[in-house]
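Student: Sharing a structure below in structure tokens format, with a few things to ask.
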Amino acid sequence: MTVTDEELMAYVDGELDAARLESLRLEIAASADLSRRVAEQRELRDRLRRAFNPALDEPVPARLTELTARARVVELGSSARHRPPRVAWLSGLALAAGIVLGIALGPALLQLARESPEIVASGADVAAGGALADTLSQRLASEQSASDPIRLGVSFVAKSGEYCRTFISQHGDVALAGMACRQGATWRIDALQSVSIVPEVSNGYRQAATSLPPLVLRAAEDSMAGDPLDAVGEAAARDQDWTTPAVTR
Amino acid sequence: MNDRVANFGEQVGTLLPRLRRFARALTRHPQDADDLVQLAVERALTRSAQWRPDSSLTNWMLAIVRNAWIDETRARHRRDAVLVPENEAVEVGDTGTDRDIEWWSIRSALERLPEEQRLAVALVLIEGLSYREAAQVMEVPIGTLTSRLARGRLALQAMLTDPSITRVARKD
């Protein structure tokens, strides 16, 4: 009687029922050939695990931990003092070369962006208009609340020397998330992506849009010259109307 | 509800090492794996309402990683993009430590498997899922899972235990 490969594999994987397990165990013990095949199966599994298990012990990049931490904090609702340190998601990044900078909008969002006074064409560029431009110019991240229709993320000095800020602007079921950089008197939009809002099932309350989508996160990570501004630095930049800093802190 | 969602982000956070290990078995490079995990976590956070708390969050997340990977590979095929020069592997094989060479041999053997077999191998042999769980993640009947797993194993064994095949693969 022959034992199939699949049955031996099921034996190694602990997938046999008790009766077959017992009878097969006896057959294997009595057969050098079966013992060898079982040993080969175990060796293959062990090699695979040895090769991949180190991933479990490596530190997880901050860009990933920040995603889940941010979901937690923003969903909790509100207060800025619960925010994780903003620097956290920037440290230790090993960015692959050739990161996409750009604008990703589905057709519906494209229409929304076109209709929204917040996004305006400015020559070859796209710029912030209306309430978005005002918020970018005037508001501090530390003063906002979770219910604001436009919320600010990080503010920082880009490698170009310009000030840039990330934002999420909510429009019903969808939100636009983006990164805007101060160019002269306008906020040029360097990255824009849609964020879907999780509809709330139990009581009709809608969650605020949460984390920045990957395109925007990467645009910010890729552009940033140093650490994001802290609350003091952000206020100082705002008070100077976001003119390019002569010296960065 | 806010507590539930807050808890959700936290729980997904604890799964990140597992998700990275799984993603590494699917992708060619650790950076690609982290990109894939990032994509999957983004998706999971926007779809948290679809997760039933009485089911396994781990398996739900593994399925999201798998689906994101399938979407990504299809998109890549459409773009016909070659992301990594093929000859990089030879450099690793020639100059690496024993551990690098072992990693590379396994990595390159896995890469030669059809996608479905690689997924079955990763879920059962690396992630330690039961056949039933792996079949659910892959959205196939158990019989399909076990036959893909068996074919994947036999192919891997042929590549990894025959030194001449391994050497040919390394110089590829």
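Residue numbering restarts at 1 in every chain; chains get A, B, ... in the order shown in the structure tokens, and ligands count up from 1 in that same order.
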Within 7 Å of chain A, which residues of chain B show up? Give each one with its shortest atom-to-atom distance in Å (one decimal) and the two atoms involved, counting only C-alpha atoms, rows by chain then rising residue number, as JSON lines.
Tutor:
```
{"residue": "B:Asn2", "atom": "CA", "partner": "A:Leu76", "partner_atom": "CA", "distance": 5.8}
{"residue": "B:Asp3", "atom": "CA", "partner": "A:Leu76", "partner_atom": "CA", "distance": 7.0}
{"residue": "B:Val5", "atom": "CA", "partner": "A:Glu75", "partner_atom": "CA", "distance": 6.7}
{"residue": "B:Ala6", "atom": "CA", "partner": "A:Arg72", "partner_atom": "CA", "distance": 4.2}
{"residue": "B:Asn7", "atom": "CA", "partner": "A:Arg72", "partner_atom": "CA", "distance": 7.0}
{"residue": "B:Gly9", "atom": "CA", "partner": "A:Thr68", "partner_atom": "CA", "distance": 4.8}
{"residue": "B:Glu10", "atom": "CA", "partner": "A:Thr68", "partner_atom": "CA", "distance": 6.2}
{"residue": "B:Val12", "atom": "CA", "partner": "A:Thr68", "partner_atom": "CA", "distance": 6.6}
{"residue": "B:Gly13", "atom": "CA", "partner": "A:Thr68", "partner_atom": "CA", "distance": 5.4}
{"residue": "B:Pro17", "atom": "CA", "partner": "A:Leu56", "partner_atom": "CA", "distance": 4.8}
{"residue": "B:Arg18", "atom": "CA", "partner": "A:Leu56", "partner_atom": "CA", "distance": 6.3}
{"residue": "B:Arg20", "atom": "CA", "partner": "A:Ala55", "partner_atom": "CA", "distance": 6.6}
{"residue": "B:Arg21", "atom": "CA", "partner": "A:Ala55", "partner_atom": "CA", "distance": 5.2}
{"residue": "B:Gln31", "atom": "CA", "partner": "A:Ala96", "partner_atom": "CA", "distance": 6.8}
{"residue": "B:Gln38", "atom": "CA", "partner": "A:Leu64", "partner_atom": "CA", "distance": 6.0}
{"residue": "B:Thr46", "atom": "CA", "partner": "A:Val198", "partner_atom": "CA", "distance": 5.6}
{"residue": "B:Arg47", "atom": "CA", "partner": "A:Val198", "partner_atom": "CA", "distance": 6.6}
{"residue": "B:Trp103", "atom": "CA", "partner": "A:Ala51", "partner_atom": "CA", "distance": 5.7}
{"residue": "B:Leu125", "atom": "CA", "partner": "A:Arg45", "partner_atom": "CA", "distance": 5.6}
{"residue": "B:Ile126", "atom": "CA", "partner": "A:Arg49", "partner_atom": "CA", "distance": 5.4}
{"residue": "B:Ala150", "atom": "CA", "partner": "A:Glu6", "partner_atom": "CA", "distance": 6.0}
{"residue": "B:Gln157", "atom": "CA", "partner": "A:Leu44", "partner_atom": "CA", "distance": 7.0}
```
Student: Identify, on the basis of only C-alpha atoms, every residue whose closest approach to Leu36 (chain B) does not exceed 9 Å; exclude the query and any residue fewer than 2 positions from it along the same chain; express the result as a PyMOL selection string.
Tutor: chain B and resi 20+23+27+31-34+38-41+65+68-69+72
Student: Any chance you could export the current selection's N, CA and C atoms as a PDB file, in the first residue's frame?
Tutor:
```
ATOM      1  N   ARG B  20       4.183  41.689   7.697  1.00  0.00           N
ATOM      2  CA  ARG B  20       5.438  41.925   6.961  1.00  0.00           C
ATOM      3  C   ARG B  20       6.068  40.600   6.544  1.00  0.00           C
ATOM      4  N   ALA B  23       4.062  39.289   3.639  1.00  0.00           N
ATOM      5  CA  ALA B  23       4.288  40.095   2.429  1.00  0.00           C
ATOM      6  C   ALA B  23       5.660  39.808   1.827  1.00  0.00           C
ATOM      7  N   THR B  27       6.487  39.090  -2.185  1.00  0.00           N
ATOM      8  CA  THR B  27       7.120  40.115  -3.014  1.00  0.00           C
ATOM      9  C   THR B  27       8.586  39.796  -3.229  1.00  0.00           C
ATOM     10  N   GLN B  31      11.400  46.122   0.650  1.00  0.00           N
ATOM     11  CA  GLN B  31      10.721  47.414   0.489  1.00  0.00           C
ATOM     12  C   GLN B  31       9.361  47.238  -0.167  1.00  0.00           C
ATOM     13  N   ASP B  32       9.307  46.341  -1.177  1.00  0.00           N
ATOM     14  CA  ASP B  32       8.017  46.058  -1.809  1.00  0.00           C
ATOM     15  C   ASP B  32       7.050  45.488  -0.780  1.00  0.00           C
ATOM     16  N   ALA B  33       7.592  44.640   0.108  1.00  0.00           N
ATOM     17  CA  ALA B  33       6.736  44.016   1.128  1.00  0.00           C
ATOM     18  C   ALA B  33       6.135  45.084   2.036  1.00  0.00           C
ATOM     19  N   ASP B  34       6.950  46.048   2.444  1.00  0.00           N
ATOM     20  CA  ASP B  34       6.426  47.094   3.321  1.00  0.00           C
ATOM     21  C   ASP B  34       5.436  47.992   2.590  1.00  0.00           C
ATOM     22  N   GLN B  38       1.616  48.476   3.782  1.00  0.00           N
ATOM     23  CA  GLN B  38       1.047  49.820   3.948  1.00  0.00           C
ATOM     24  C   GLN B  38      -0.284  49.935   3.190  1.00  0.00           C
ATOM     25  N   LEU B  39      -0.274  49.448   1.970  1.00  0.00           N
ATOM     26  CA  LEU B  39      -1.490  49.472   1.160  1.00  0.00           C
ATOM     27  C   LEU B  39      -2.609  48.680   1.842  1.00  0.00           C
ATOM     28  N   ALA B  40      -2.245  47.502   2.346  1.00  0.00           N
ATOM     29  CA  ALA B  40      -3.252  46.641   2.978  1.00  0.00           C
ATOM     30  C   ALA B  40      -3.804  47.281   4.255  1.00  0.00           C
ATOM     31  N   VAL B  41      -2.923  47.899   5.044  1.00  0.00           N
ATOM     32  CA  VAL B  41      -3.390  48.520   6.282  1.00  0.00           C
ATOM     33  C   VAL B  41      -4.302  49.708   5.962  1.00  0.00           C
ATOM     34  N   VAL B  65      -4.037  41.514   2.528  1.00  0.00           N
ATOM     35  CA  VAL B  65      -2.693  41.588   1.938  1.00  0.00           C
ATOM     36  C   VAL B  65      -2.665  40.803   0.623  1.00  0.00           C
ATOM     37  N   ALA B  68      -4.599  42.686  -2.056  1.00  0.00           N
ATOM     38  CA  ALA B  68      -3.854  43.874  -2.487  1.00  0.00           C
ATOM     39  C   ALA B  68      -2.695  43.457  -3.393  1.00  0.00           C
ATOM     40  N   TRP B  69      -2.081  42.334  -3.053  1.00  0.00           N
ATOM     41  CA  TRP B  69      -0.944  41.852  -3.859  1.00  0.00           C
ATOM     42  C   TRP B  69      -1.413  41.439  -5.252  1.00  0.00           C
ATOM     43  N   GLU B  72      -2.082  44.443  -7.199  1.00  0.00           N
ATOM     44  CA  GLU B  72      -0.829  45.106  -7.536  1.00  0.00           C
ATOM     45  C   GLU B  72      -0.104  44.383  -8.673  1.00  0.00           C
TER      46      GLU B  72
END
```
Student: Calculate how many Å separate CA of Ala225 (chain A) from CA of Cys164 (chain A), rounding to one decimal.
Tutor: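 Distance reported for this atom pair: 10.5 Å.
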Student: Which one of B:Leu156, B:Asn59, B:Leu45, B:Pro141 sits closest to Gln117 (chain B) if you count only C-alpha atoms?
Tutor: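 Smallest separation from Gln117 (chain B) among the options: B:Leu156.
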Student: One decimal, in Å: what's the spacing between CA of Leu19 (chain B) and CA of Thr161 (chain B)?
Tutor: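 Value for the CA of Leu19 (chain B)-CA of Thr161 (chain B) distance: 28.2 Å.
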Student: How far is it from CA of Arg238 (chain A) to CA of Phe156 (chain A), in Å with one decimal?
Tutor: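 Answer for the CA of Arg238 (chain A) to CA of Phe156 (chain A) separation: 11.6 Å.
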Student: Pull the strand (DSSP E) assignments for region 112-162 of chain A out of DSSP run on the backbone, and list those residues as a ChimeraX atom specification.
Tutor: /A:119-122,125-128,150-157
Student: For Arg151 (chain B), find every residue with an atom within 12 Å (counting only C-alpha atoms), except residues of its own chain fewer than 2 positions away, and show them as a list of chain:residue names.
Tutor: A:Asp5, A:Glu6, A:Met9, B:Leu113, B:Pro114, B:Glu115, B:Glu116, B:Gln117, B:Arg118, B:Leu119, B:Ala120, B:Val121, B:Thr144, B:Leu145, B:Thr146, B:Ser147, B:Arg148, B:Leu149, B:Arg153, B:Leu154, B:Ala155, B:Leu156, B:Gln157, B:Ala158
